[in-house]
Amino acid sequence: QVQLVESGGGLVQAGGSLRLSCTASGRLFRNYAMGWYRQAPGNERELVASITPGGNTNYADSVKGRFTITRDNAKITVYLQMNSLKPEDTAVYYCTAGNGLPPNHYWGQGTQVTVSS
């Protein structure tokens, strides 16, 4: 069982930055692929970024060049650095983990990100 706890969400103006953090419990963190999904009101959940145990990353086209996913296995934490934020980035962001891609077996509780115009 893996438990995921997100932090770092909040309100930011368009063009600003936020860094989300997700701390995991469990001894097998380094073996899991990790990801960040988001869901805006009225929309389906969208995989924003993922990172494999080996550090390979993948991004949704909508965030390429603006968002960066990283992981620190020693701190059992995954990060999502979000730059040049846009109002359309407003959503609840969920940290996820899984044995493969997409990493969607375990979910955190979500953290709200609101970007004002």
# chains A, B, ... in the order shown; residues from 1 in each chain; ligands from 1

$ residues_around --residues "Gly110 of chain A" --least-positions-apart "4" --cutoff "12 Å" --atoms "only C-alpha atoms" --output "ChimeraX atom specification"
/A:4-10,20-22,36-40,45,91-96,106

$ write_last_selection --atoms "N, CA, C and O atoms" --output "short mmCIF file (atom, residue, chain, number, x, y, z; two decimals), in the first residue's frame"
data_model
loop_
_atom_site.label_atom_id
_atom_site.label_comp_id
_atom_site.auth_asym_id
_atom_site.auth_seq_id
_atom_site.Cartn_x
_atom_site.Cartn_y
_atom_site.Cartn_z
N LEU A 4 -0.08 8.79 -0.54
CA LEU A 4 0.50 9.96 -1.19
C LEU A 4 -0.11 11.22 -0.60
O LEU A 4 -1.33 11.31 -0.50
N VAL A 5 0.71 12.19 -0.23
CA VAL A 5 0.24 13.43 0.34
C VAL A 5 0.82 14.59 -0.44
O VAL A 5 2.05 14.77 -0.48
N GLU A 6 -0.07 15.37 -1.08
CA GLU A 6 0.37 16.51 -1.87
C GLU A 6 0.41 17.78 -1.04
O GLU A 6 -0.33 17.91 -0.05
N SER A 7 1.22 18.72 -1.48
CA SER A 7 1.26 20.06 -0.89
C SER A 7 1.77 21.04 -1.94
O SER A 7 2.31 20.62 -2.97
N GLY A 8 1.56 22.33 -1.67
CA GLY A 8 2.12 23.34 -2.55
C GLY A 8 1.13 24.04 -3.45
O GLY A 8 1.50 24.96 -4.19
N GLY A 9 -0.12 23.62 -3.44
CA GLY A 9 -1.11 24.30 -4.26
C GLY A 9 -1.43 25.68 -3.70
O GLY A 9 -0.97 26.06 -2.62
N GLY A 10 -2.21 26.44 -4.47
CA GLY A 10 -2.59 27.77 -4.01
C GLY A 10 -3.06 28.64 -5.14
O GLY A 10 -3.38 28.15 -6.23
N LEU A 20 4.57 21.96 -6.75
CA LEU A 20 3.82 20.96 -5.99
C LEU A 20 4.78 19.88 -5.51
O LEU A 20 5.71 19.51 -6.22
N SER A 21 4.51 19.39 -4.31
CA SER A 21 5.29 18.29 -3.75
C SER A 21 4.35 17.15 -3.39
O SER A 21 3.20 17.37 -3.03
N CYS A 22 4.87 15.96 -3.46
CA CYS A 22 4.10 14.77 -3.10
C CYS A 22 5.03 13.82 -2.37
O CYS A 22 5.99 13.31 -2.95
N TRP A 36 1.47 13.14 -12.14
CA TRP A 36 0.56 14.20 -11.71
C TRP A 36 -0.59 14.27 -12.73
O TRP A 36 -0.35 14.42 -13.93
N TYR A 37 -1.80 14.11 -12.22
CA TYR A 37 -3.01 14.32 -13.00
C TYR A 37 -3.63 15.64 -12.53
O TYR A 37 -3.34 16.13 -11.44
N ARG A 38 -4.52 16.16 -13.35
CA ARG A 38 -5.32 17.31 -12.93
C ARG A 38 -6.74 17.15 -13.45
O ARG A 38 -6.99 16.48 -14.44
N GLN A 39 -7.65 17.81 -12.73
CA GLN A 39 -9.05 17.80 -13.14
C GLN A 39 -9.64 19.17 -12.87
O GLN A 39 -9.67 19.63 -11.72
N ALA A 40 -10.12 19.79 -13.93
CA ALA A 40 -10.82 21.07 -13.82
C ALA A 40 -12.32 20.80 -13.80
O ALA A 40 -12.77 19.75 -14.29
N ARG A 45 -10.26 13.89 -15.88
CA ARG A 45 -8.90 13.94 -15.36
C ARG A 45 -7.91 13.78 -16.50
O ARG A 45 -8.11 12.96 -17.40
N ALA A 91 -7.01 23.85 -11.68
CA ALA A 91 -7.55 22.50 -11.52
C ALA A 91 -7.15 21.97 -10.15
O ALA A 91 -6.32 22.58 -9.45
N VAL A 92 -7.72 20.83 -9.78
CA VAL A 92 -7.21 20.06 -8.67
C VAL A 92 -6.14 19.13 -9.23
O VAL A 92 -6.38 18.42 -10.21
N TYR A 93 -4.97 19.15 -8.61
CA TYR A 93 -3.84 18.34 -9.07
C TYR A 93 -3.66 17.16 -8.13
O TYR A 93 -3.63 17.32 -6.91
N TYR A 94 -3.53 15.98 -8.72
CA TYR A 94 -3.42 14.73 -7.96
C TYR A 94 -2.07 14.08 -8.24
O TYR A 94 -1.66 13.95 -9.39
N CYS A 95 -1.43 13.66 -7.17
CA CYS A 95 -0.22 12.85 -7.28
C CYS A 95 -0.62 11.39 -7.39
O CYS A 95 -1.54 10.95 -6.68
N THR A 96 0.06 10.66 -8.25
CA THR A 96 -0.29 9.25 -8.45
C THR A 96 0.97 8.39 -8.52
O THR A 96 2.08 8.89 -8.77
N TYR A 106 -2.34 4.30 -7.40
CA TYR A 106 -2.51 4.97 -6.11
C TYR A 106 -2.69 6.46 -6.36
O TYR A 106 -2.03 7.04 -7.22
#

$ closest_residue --among "A:Gly26, A:Gly35, A:Pro87, A:Gly15" --to "Pro103 of chain A" --atoms "only C-alpha atoms"
A:Gly35

$ closest_residue --among "A:Ser117, A:His105, A:Gly65, A:Thr70" --to "Glu88 of chain A" --atoms "only C-alpha atoms"
A:Ser117

$ select_by_dssp --residues "segment 15-116 of chain A" --states "strand (DSSP E)" --output "PyMOL selection string"
chain A and resi 18-24+33-39+46-51+57-59+67-72+77-82+91-98+106-107+111-116

$ write_last_selection --atoms "N, CA and C atoms" --output "short mmCIF file (atom, residue, chain, number, x, y, z; two decimals), in the first residue's frame"
data_model
loop_
_atom_site.label_atom_id
_atom_site.label_comp_id
_atom_site.auth_asym_id
_atom_site.auth_seq_id
_atom_site.Cartn_x
_atom_site.Cartn_y
_atom_site.Cartn_z
N LEU A 18 4.47 27.86 -9.38
CA LEU A 18 4.19 27.09 -8.18
C LEU A 18 4.97 25.78 -8.25
N ARG A 19 5.31 25.25 -7.09
CA ARG A 19 5.91 23.91 -7.07
C ARG A 19 5.06 23.02 -6.17
N LEU A 20 4.57 21.96 -6.75
CA LEU A 20 3.82 20.96 -5.99
C LEU A 20 4.78 19.88 -5.51
N SER A 21 4.51 19.39 -4.31
CA SER A 21 5.29 18.29 -3.75
C SER A 21 4.35 17.15 -3.39
N CYS A 22 4.87 15.96 -3.46
CA CYS A 22 4.10 14.77 -3.10
C CYS A 22 5.03 13.82 -2.37
N THR A 23 4.72 13.60 -1.10
CA THR A 23 5.51 12.68 -0.29
C THR A 23 4.79 11.36 -0.16
N ALA A 24 5.52 10.28 -0.39
CA ALA A 24 4.92 8.96 -0.38
C ALA A 24 5.35 8.16 0.84
N ALA A 33 6.49 4.09 -10.95
CA ALA A 33 6.33 5.28 -11.77
C ALA A 33 5.43 6.26 -11.03
N MET A 34 5.70 7.54 -11.17
CA MET A 34 4.93 8.58 -10.48
C MET A 34 4.35 9.53 -11.50
N GLY A 35 3.26 10.15 -11.12
CA GLY A 35 2.64 11.08 -12.04
C GLY A 35 1.85 12.16 -11.36
N TRP A 36 1.47 13.14 -12.14
CA TRP A 36 0.56 14.20 -11.71
C TRP A 36 -0.59 14.27 -12.73
N TYR A 37 -1.80 14.11 -12.22
CA TYR A 37 -3.01 14.32 -13.00
C TYR A 37 -3.63 15.64 -12.53
N ARG A 38 -4.52 16.16 -13.35
CA ARG A 38 -5.32 17.31 -12.93
C ARG A 38 -6.74 17.15 -13.45
N GLN A 39 -7.65 17.81 -12.73
CA GLN A 39 -9.05 17.80 -13.14
C GLN A 39 -9.64 19.17 -12.87
N GLU A 46 -6.84 14.55 -16.42
CA GLU A 46 -5.84 14.58 -17.48
C GLU A 46 -4.47 14.27 -16.88
N LEU A 47 -3.71 13.37 -17.51
CA LEU A 47 -2.35 13.11 -17.07
C LEU A 47 -1.47 14.26 -17.53
N VAL A 48 -0.90 14.98 -16.60
CA VAL A 48 -0.09 16.15 -16.89
C VAL A 48 1.37 15.77 -17.14
N ALA A 49 1.90 14.91 -16.25
CA ALA A 49 3.31 14.54 -16.34
C ALA A 49 3.52 13.22 -15.63
N SER A 50 4.53 12.48 -16.09
CA SER A 50 4.88 11.23 -15.43
C SER A 50 6.39 11.06 -15.45
N ILE A 51 6.86 10.25 -14.51
CA ILE A 51 8.30 9.97 -14.43
C ILE A 51 8.47 8.51 -14.02
N THR A 57 10.82 11.02 -18.40
CA THR A 57 9.65 11.85 -18.18
C THR A 57 8.79 11.97 -19.44
N ASN A 58 7.53 12.29 -19.21
CA ASN A 58 6.60 12.51 -20.31
C ASN A 58 5.62 13.58 -19.87
N TYR A 59 5.20 14.43 -20.82
CA TYR A 59 4.33 15.55 -20.49
C TYR A 59 3.17 15.65 -21.48
N PHE A 67 6.15 22.94 -17.46
CA PHE A 67 6.13 22.11 -16.26
C PHE A 67 7.30 21.14 -16.29
N THR A 68 7.81 20.83 -15.10
CA THR A 68 8.90 19.86 -14.96
C THR A 68 8.61 18.93 -13.79
N ILE A 69 8.64 17.64 -14.05
CA ILE A 69 8.45 16.65 -13.00
C ILE A 69 9.81 16.07 -12.63
N THR A 70 10.06 15.97 -11.33
CA THR A 70 11.29 15.37 -10.83
C THR A 70 10.96 14.50 -9.63
N ARG A 71 11.91 13.64 -9.27
CA ARG A 71 11.71 12.78 -8.11
C ARG A 71 13.00 12.72 -7.31
N ASP A 72 12.83 12.60 -6.00
CA ASP A 72 13.96 12.43 -5.09
C ASP A 72 13.69 11.16 -4.30
N THR A 77 9.90 11.65 -2.48
CA THR A 77 9.09 12.79 -2.87
C THR A 77 9.19 13.01 -4.38
N VAL A 78 8.07 13.38 -4.97
CA VAL A 78 8.03 13.78 -6.37
C VAL A 78 7.54 15.22 -6.43
N TYR A 79 8.08 15.97 -7.37
CA TYR A 79 7.76 17.39 -7.48
C TYR A 79 7.19 17.69 -8.87
N LEU A 80 6.40 18.75 -8.92
CA LEU A 80 5.95 19.30 -10.19
C LEU A 80 6.20 20.80 -10.15
N GLN A 81 7.22 21.24 -10.87
CA GLN A 81 7.50 22.66 -10.99
C GLN A 81 6.68 23.21 -12.14
N MET A 82 5.86 24.20 -11.84
CA MET A 82 4.96 24.78 -12.83
C MET A 82 5.31 26.25 -13.03
N ALA A 91 -7.01 23.85 -11.68
CA ALA A 91 -7.55 22.50 -11.52
C ALA A 91 -7.15 21.97 -10.15
N VAL A 92 -7.72 20.83 -9.78
CA VAL A 92 -7.21 20.06 -8.67
C VAL A 92 -6.14 19.13 -9.23
N TYR A 93 -4.97 19.15 -8.61
CA TYR A 93 -3.84 18.34 -9.07
C TYR A 93 -3.66 17.16 -8.13
N TYR A 94 -3.53 15.98 -8.72
CA TYR A 94 -3.42 14.73 -7.96
C TYR A 94 -2.07 14.08 -8.24
N CYS A 95 -1.43 13.66 -7.17
CA CYS A 95 -0.22 12.85 -7.28
C CYS A 95 -0.62 11.39 -7.39
N THR A 96 0.06 10.66 -8.25
CA THR A 96 -0.29 9.25 -8.45
C THR A 96 0.97 8.39 -8.52
N ALA A 97 0.77 7.11 -8.31
CA ALA A 97 1.86 6.14 -8.39
C ALA A 97 1.34 4.85 -8.98
N GLY A 98 2.23 4.10 -9.61
CA GLY A 98 1.82 2.83 -10.17
C GLY A 98 3.01 1.99 -10.60
N TYR A 106 -2.34 4.30 -7.40
CA TYR A 106 -2.51 4.97 -6.11
C TYR A 106 -2.69 6.46 -6.36
N TRP A 107 -3.59 7.07 -5.53
CA TRP A 107 -3.91 8.49 -5.73
C TRP A 107 -3.80 9.23 -4.40
N THR A 111 -4.65 18.63 -4.57
CA THR A 111 -4.38 19.98 -4.09
C THR A 111 -4.84 20.97 -5.16
N GLN A 112 -5.51 22.04 -4.71
CA GLN A 112 -6.09 23.00 -5.64
C GLN A 112 -5.04 23.99 -6.12
N VAL A 113 -5.02 24.18 -7.43
CA VAL A 113 -4.21 25.22 -8.05
C VAL A 113 -5.15 26.16 -8.79
N THR A 114 -5.09 27.44 -8.45
CA THR A 114 -5.93 28.44 -9.09
C THR A 114 -5.05 29.53 -9.68
N VAL A 115 -5.21 29.77 -10.98
CA VAL A 115 -4.42 30.78 -11.67
C VAL A 115 -5.37 31.90 -12.10
N SER A 116 -5.13 33.08 -11.58
CA SER A 116 -6.00 34.22 -11.90
C SER A 116 -5.43 34.98 -13.10
#

$ atom_distance --atom1 "atom CA of Gln109 of chain A" --atom2 "atom CA of Ile76 of chain A"
17.1 Å

$ residues_around --residues "segment 52-55 of chain A" --least-positions-apart "6" --cutoff "6 Å" --atoms "only C-alpha atoms" --output "VMD selection string"
chain A and resid 30 to 33

$ write_last_selection --atoms "C-alpha atoms" --output "PDB file, in the first residue's frame"
ATOM      1  CA  ARG A  30      11.780   3.928  -5.963  1.00  0.00           C
ATOM      2  CA  ASN A  31      10.171   1.088  -7.921  1.00  0.00           C
ATOM      3  CA  TYR A  32       7.041   3.023  -8.860  1.00  0.00           C
ATOM      4  CA  ALA A  33       6.330   5.277 -11.774  1.00  0.00           C
TER       5      ALA A  33
END

$ atom_distance --atom1 "atom CA of Asn104 of chain A" --atom2 "atom CA of Val2 of chain A"
11.8 Å

$ atom_distance --atom1 "atom CA of Asn56 of chain A" --atom2 "atom CA of Asn99 of chain A"
14.2 Å

$ select_by_dssp --residues "chain A" --states "helix (DSSP H, G or I)" --output "PyMOL selection string"
chain A and resi 29-31+87-89
